[in-house]
file entry.txt (compact mmCIF, C-alpha atoms and all ligand atoms)
# COMPACT_ATOMS: atom_id res chain seq x y z
CA MET P 66 -18.11 7.39 -4.43
CA THR P 67 -20.01 4.52 -6.10
CA ILE P 68 -17.59 1.78 -7.02
CA ARG P 69 -18.79 -0.64 -9.72
CA HIS P 70 -15.60 -2.48 -10.65
CA HIS P 71 -13.90 -4.33 -7.82
CA LEU P 72 -10.87 -6.52 -7.20
CA SER P 73 -11.18 -10.23 -8.04
CA ASP P 74 -11.10 -12.91 -5.33
CA PRO P 75 -7.85 -14.45 -6.69
CA LEU P 76 -6.16 -11.03 -6.48
CA MET P 77 -7.27 -10.50 -2.89
CA MET P 78 -6.24 -14.03 -1.91
CA ALA P 79 -2.80 -13.53 -3.43
CA TYR P 80 -2.53 -10.18 -1.64
CA ALA P 81 -3.58 -11.72 1.70
CA ALA P 82 -0.97 -14.45 1.19
CA GLY P 83 1.72 -11.84 0.44
CA GLU P 84 2.29 -13.28 -3.02
CA LEU P 85 1.67 -10.23 -5.23
CA PRO P 86 4.50 -8.12 -6.66
CA GLU P 87 4.68 -4.76 -4.87
CA ALA P 88 3.20 -2.87 -7.86
CA PHE P 89 -0.03 -4.93 -7.74
CA SER P 90 -0.10 -4.88 -3.93
CA LEU P 91 -0.12 -1.09 -4.11
CA VAL P 92 -3.21 -1.14 -6.37
CA VAL P 93 -4.97 -3.61 -4.05
CA ALA P 94 -4.10 -1.61 -0.90
CA THR P 95 -5.24 1.63 -2.55
CA HIS P 96 -8.56 0.19 -3.77
CA VAL P 97 -9.20 -1.43 -0.38
CA SER P 98 -8.60 1.93 1.33
CA LEU P 99 -11.51 3.32 -0.76
CA CYS P 100 -13.86 0.31 -0.87
CA ASN P 101 -15.73 -1.10 2.15
CA GLU P 102 -16.88 -4.15 0.16
CA CYS P 103 -13.37 -5.30 -0.78
CA ARG P 104 -12.03 -4.38 2.68
CA ALA P 105 -14.57 -6.79 4.23
CA ALA P 106 -13.79 -9.51 1.67
CA LEU P 107 -10.06 -9.11 2.27
CA ALA P 108 -10.52 -9.42 6.05
CA GLY P 109 -12.27 -12.75 5.34
CA PHE P 110 -9.38 -14.02 3.19
CA GLU P 111 -6.87 -12.92 5.83
CA ALA P 112 -8.84 -14.81 8.51
CA VAL P 113 -8.87 -17.95 6.34
CA GLY P 114 -5.12 -17.56 5.72
CA GLY P 115 -4.50 -17.24 9.48
CA ALA P 116 -6.59 -20.35 10.18
CA VAL P 117 -4.62 -22.32 7.56
CA LEU P 118 -1.35 -21.21 9.19
CA ASP P 119 -2.63 -22.21 12.66
CA ALA P 120 -3.52 -25.67 11.34
CA SER P 121 -0.16 -26.26 9.63
CA PRO P 122 2.55 -28.26 11.37
CA ALA P 123 5.16 -26.07 13.07
CA ALA P 124 8.19 -25.38 10.91
CA GLY P 125 11.68 -25.23 12.41
CA ILE P 126 13.15 -21.73 12.72
CA SER P 127 16.75 -20.64 12.58
CA ASP P 128 18.65 -19.08 15.50
CA HIS P 129 18.77 -15.91 13.44
CA CYS P 130 14.96 -15.76 13.30
CA LEU P 131 14.70 -16.11 17.08
CA GLN P 132 17.29 -13.37 17.63
CA ALA P 133 15.55 -11.09 15.14
CA THR P 134 12.22 -11.65 16.90
CA LEU P 135 13.74 -11.00 20.33
CA ALA P 136 15.41 -7.85 19.00
CA ARG P 137 12.03 -6.54 17.86
CA LEU P 138 10.39 -7.02 21.26
CA GLY P 139 9.61 -3.69 22.81
CA GLN P 140 9.84 -1.90 19.47
CA PRO P 141 6.74 -0.25 18.00
CA ASP P 142 4.66 -2.41 15.66
CA PRO P 143 5.23 -1.85 11.94
CA ALA P 144 2.64 0.41 10.33
CA PRO P 145 -0.56 -1.41 9.23
CA VAL P 146 -1.06 -1.85 5.48
CA VAL P 147 -4.39 -0.04 5.40
CA THR P 148 -4.03 3.39 6.98
CA PRO P 149 -6.85 5.86 7.63
CA ARG P 150 -7.91 8.04 4.72
CA LYS P 151 -5.92 11.24 4.29
CA ARG P 152 -7.45 14.29 2.67
CA GLY P 153 -6.61 14.90 -0.98
CA THR P 154 -6.85 13.26 -4.39
CA LEU P 155 -4.43 10.44 -3.58
CA PRO P 156 -5.53 7.82 -1.01
CA SER P 157 -3.21 7.15 1.93
CA PRO P 158 -1.27 4.15 0.54
CA LEU P 159 -0.31 6.27 -2.49
CA GLN P 160 0.51 9.39 -0.49
CA ASP P 161 3.09 7.28 1.35
CA TYR P 162 4.78 6.47 -2.01
CA VAL P 163 4.60 9.99 -3.39
CA GLY P 164 5.48 11.75 -0.15
CA GLY P 165 2.28 13.82 -0.27
CA ASP P 166 -0.67 14.50 -2.55
CA VAL P 167 -0.87 15.11 -6.32
CA ASP P 168 1.04 18.39 -6.06
CA ARG P 169 4.11 16.38 -5.00
CA VAL P 170 4.02 14.03 -8.02
CA LYS P 171 6.99 14.44 -10.39
CA TRP P 172 5.13 14.14 -13.71
CA ARG P 173 6.91 13.52 -17.02
CA SER P 174 5.24 14.03 -20.36
CA ILE P 175 4.82 10.92 -22.54
CA GLY P 176 3.16 12.75 -25.46
CA MET P 177 -0.33 13.88 -26.48
CA GLY P 178 -0.70 15.69 -23.17
CA VAL P 179 -0.49 12.45 -21.18
CA ARG P 180 1.89 12.53 -18.20
CA GLN P 181 3.16 9.73 -16.01
CA ALA P 182 5.16 9.23 -12.83
CA ILE P 183 6.76 5.85 -12.25
CA LEU P 184 6.55 4.81 -8.59
CA PRO P 185 9.38 3.01 -6.81
CA THR P 186 8.22 -0.61 -6.46
CA GLY P 187 10.13 -3.88 -6.22
CA PRO P 188 10.70 -6.55 -8.90
CA GLY P 189 7.93 -8.43 -10.70
CA GLY P 190 5.92 -5.44 -11.90
CA SER P 191 5.87 -1.69 -12.34
CA ALA P 192 3.44 0.95 -11.08
CA ARG P 193 2.81 4.42 -12.42
CA LEU P 194 0.46 7.32 -11.96
CA LEU P 195 -1.08 8.53 -15.21
CA HIS P 196 -2.57 11.97 -15.84
CA ILE P 197 -4.77 11.96 -18.96
CA PRO P 198 -6.34 15.27 -20.06
CA ALA P 199 -10.15 15.22 -20.28
CA GLY P 200 -11.24 13.86 -23.66
CA GLN P 201 -7.76 12.47 -24.53
CA SER P 202 -7.18 8.83 -25.47
CA VAL P 203 -4.31 6.52 -24.56
CA PRO P 204 -2.90 4.68 -27.63
CA ASP P 205 -4.67 1.44 -28.58
CA HIS P 206 -2.81 -1.45 -26.93
CA GLY P 207 -2.90 -5.08 -25.83
CA HIS P 208 -1.27 -6.77 -22.83
CA ARG P 209 1.38 -9.45 -22.48
CA GLY P 210 0.45 -10.00 -18.85
CA LEU P 211 -1.81 -8.44 -16.25
CA GLU P 212 -2.66 -4.74 -16.07
CA LEU P 213 -4.58 -3.24 -13.14
CA THR P 214 -5.85 0.33 -13.55
CA LEU P 215 -7.43 2.15 -10.60
CA VAL P 216 -9.16 5.49 -11.22
CA LEU P 217 -8.38 8.19 -8.64
CA GLN P 218 -9.98 11.22 -10.31
CA GLY P 219 -12.19 11.72 -13.38
CA ALA P 220 -13.18 8.69 -15.45
CA PHE P 221 -12.28 6.77 -18.59
CA ARG P 222 -14.13 4.56 -21.02
CA ASP P 223 -12.75 1.75 -23.12
CA ASP P 224 -14.02 -1.18 -25.19
CA CYS P 225 -15.30 -2.85 -21.97
CA ASP P 226 -17.06 -0.22 -19.86
CA ARG P 227 -16.82 3.09 -18.00
CA PHE P 228 -14.47 3.34 -15.04
CA GLY P 229 -14.95 6.11 -12.47
CA PRO P 230 -13.29 7.00 -9.15
CA GLY P 231 -12.39 3.90 -7.14
CA ASP P 232 -13.07 1.49 -10.04
CA VAL P 233 -10.41 -1.06 -10.99
CA GLU P 234 -10.06 -2.43 -14.50
CA ILE P 235 -8.43 -5.85 -14.62
CA ALA P 236 -6.99 -6.31 -18.13
CA THR P 237 -5.42 -9.57 -19.26
CA GLU P 238 -3.82 -10.81 -22.47
CA ALA P 239 -7.30 -11.36 -23.93
CA LEU P 240 -8.12 -7.62 -23.92
CA ASP P 241 -7.11 -4.97 -26.46
CA HIS P 242 -8.39 -1.51 -25.58
CA THR P 243 -8.19 2.22 -26.21
CA PRO P 244 -8.92 3.99 -22.93
CA VAL P 245 -10.36 7.51 -23.42
CA ALA P 246 -10.62 10.02 -20.57
CA GLU P 247 -14.14 11.42 -20.24
CA ALA P 248 -14.82 15.05 -21.01
CA GLY P 249 -14.93 17.36 -17.99
CA GLN P 250 -12.25 16.51 -15.45
CA ASP P 251 -8.74 15.25 -16.25
CA CYS P 252 -8.34 11.57 -15.38
CA ILE P 253 -5.72 10.45 -12.87
CA CYS P 254 -5.16 6.71 -12.46
CA LEU P 255 -2.78 4.28 -10.87
CA ALA P 256 -1.72 1.53 -13.30
CA ALA P 257 0.34 -1.58 -12.56
CA THR P 258 1.66 -4.07 -15.10
CA ASP P 259 3.89 -7.13 -15.00
CA ALA P 260 4.90 -7.10 -18.67
CA ARG P 261 5.32 -4.56 -21.43
CA LEU P 262 2.21 -3.47 -23.31
CA ARG P 263 1.64 -4.33 -27.00
CA PHE P 264 1.01 -1.10 -28.91
CA LYS P 265 -0.65 -1.34 -32.32
CA ASN P 266 0.95 1.76 -33.82
CA LEU P 267 4.59 2.38 -34.58
CA ILE P 268 5.11 5.68 -32.75
CA PRO P 269 4.08 4.51 -29.26
CA ARG P 270 6.03 1.28 -29.91
CA LEU P 271 9.20 3.25 -30.65
CA ALA P 272 8.69 5.37 -27.54
CA GLN P 273 8.16 2.40 -25.20
CA PRO P 274 11.78 1.94 -24.02
CA PHE P 275 11.98 5.61 -23.04
CA PHE P 276 8.80 5.55 -21.00
CA ARG P 277 9.21 2.03 -19.56
CA ILE P 278 5.60 1.14 -20.45
ZN ZN P 301 -13.97 -3.03 -4.16
ZN ZN P 302 -4.30 -1.49 -20.97
call {"tool": "encode", "arguments": {"input": "entry.txt", "output": "structure tokens"}}
result
Amino acid sequence: MTIRHHLSDPLMMAYAAGELPEAFSLVVATHVSLCNECRAALAGFEAVGGAVLDASPAAGISDHCLQATLARLGQPDPAPVVTPRKRGTLPSPLQDYVGGDVDRVKWRSIGMGVRQAILPTGPGGSARLLHIPAGQSVPDHGHRGLELTLVLQGAFRDDCDRFGPGDVEIATEALDHTPVAEAGQDCICLAATDARLRFKNLIPRLAQPFFRI
């Protein structure tokens, strides 16, 4: 897998600091599980974050915090964020959300052959898997906030470039685009947004509330 489009430094810093909404964290964790370059960069940001914490003055903690820490002693460590690669189309962080690989995804049609599955993430953003038939386009749209799209299978092109497996497109309010899945293999991506999209045409606009896009 040759990855050409990577995460930005601000995204990885926010992830390392635990400041991203869960939907965006899922995209970062999934890309990092596929990309050695971003995994190394993230380790650097985490080391810097740890050094900053070490240098900060100690903050007072509540009795509850001490009790909670004592209660956890002797219990197994929580699972690490980046888990080893599992076999299949979906990388490990996503398989944990779906409860398995693509065959476990509960797809729902959103028209023109495109299917989506909304993933259960916390407030501040929403994450979905999209299945776009080869050669099919997604309606022309703009963004009110940030949209991260990570390709898991196949590829798509839009007004900016071509995005293949492992690539992340970072779309902001400045970008309007019409993603089109390449001919050949159906495209499966993970997309996260923190605001509703702006569709140019009436039909997708009317359908938006039903599909929570
Ligand atoms: Zn990368
Ligand atoms: Zn978009």
call {"tool": "atom_distance", "arguments": {"input": "entry.txt", "atom1": "atom CA of P:Gly164", "atom2": "atom CA of P:Tyr80"}}
result
23.4 Å
call {"tool": "closest_atom_pairs", "arguments": {"input": "entry.txt", "of": "chain P", "to": "ligand ZN 302 (chain P)", "cutoff": "7 Å", "atoms": "all atoms listed in the file", "output": "JSON lines"}}
result
{"residue": "P:His206", "atom": "CA", "partner": "P:ZN302", "partner_atom": "ZN", "distance": 6.1}
{"residue": "P:Gly207", "atom": "CA", "partner": "P:ZN302", "partner_atom": "ZN", "distance": 6.2}
{"residue": "P:His208", "atom": "CA", "partner": "P:ZN302", "partner_atom": "ZN", "distance": 6.4}
{"residue": "P:Glu212", "atom": "CA", "partner": "P:ZN302", "partner_atom": "ZN", "distance": 6.1}
{"residue": "P:Ala236", "atom": "CA", "partner": "P:ZN302", "partner_atom": "ZN", "distance": 6.2}
{"residue": "P:His242", "atom": "CA", "partner": "P:ZN302", "partner_atom": "ZN", "distance": 6.2}
call {"tool": "residues_near_ligand", "arguments": {"input": "entry.txt", "ligand": "ligand ZN 301 (chain P)", "cutoff": "12 Å", "atoms": "all atoms listed in the file", "output": "PyMOL selection string"}}
result
chain P and resi 66-74+76-77+92-107+215+230-234
call {"tool": "residues_around", "arguments": {"input": "entry.txt", "residues": "P:Phe110", "least_positions_apart": "4", "cutoff": "7 Å", "atoms": "only C-alpha atoms", "output": "PDB file with C-alpha atoms, keeping the file's coordinate frame"}}
result
ATOM      1  CA  MET P  78      -6.240 -14.030  -1.910  1.00  0.00           C
ATOM      2  CA  ALA P  81      -3.580 -11.720   1.700  1.00  0.00           C
ATOM      3  CA  ALA P 106     -13.790  -9.510   1.670  1.00  0.00           C
ATOM      4  CA  GLY P 114      -5.120 -17.560   5.720  1.00  0.00           C
TER       5      GLY P 114
END
call {"tool": "closest_residue", "arguments": {"input": "entry.txt", "among": "P:Ile253, P:Leu267, P:Leu240, P:Ala79", "to": "P:Val170", "atoms": "all atoms listed in the file"}}
result
P:Ile253
call {"tool": "atom_distance", "arguments": {"input": "entry.txt", "atom1": "atom CA of P:Gly187", "atom2": "atom CA of P:Pro156"}}
result
20.2 Å
call {"tool": "residues_around", "arguments": {"input": "entry.txt", "residues": "P:Thr186", "least_positions_apart": "4", "cutoff": "8 Å", "atoms": "only C-alpha atoms", "output": "list in words"}}
result
Glu87, Ala88, Gly190, Ser191 and Ala192 of chain P
call {"tool": "residues_near_point", "arguments": {"input": "entry.txt", "point": "(5.1, 3.1, -13.1)", "cutoff": "9 Å", "atoms": "only C-alpha atoms", "output": "MDAnalysis selection string"}}
result
chainID P and resid 88 181:186 190:195 255:258 277:278
call {"tool": "atom_distance", "arguments": {"input": "entry.txt", "atom1": "atom CA of P:Leu159", "atom2": "atom CA of P:Leu91"}}
result
7.5 Å
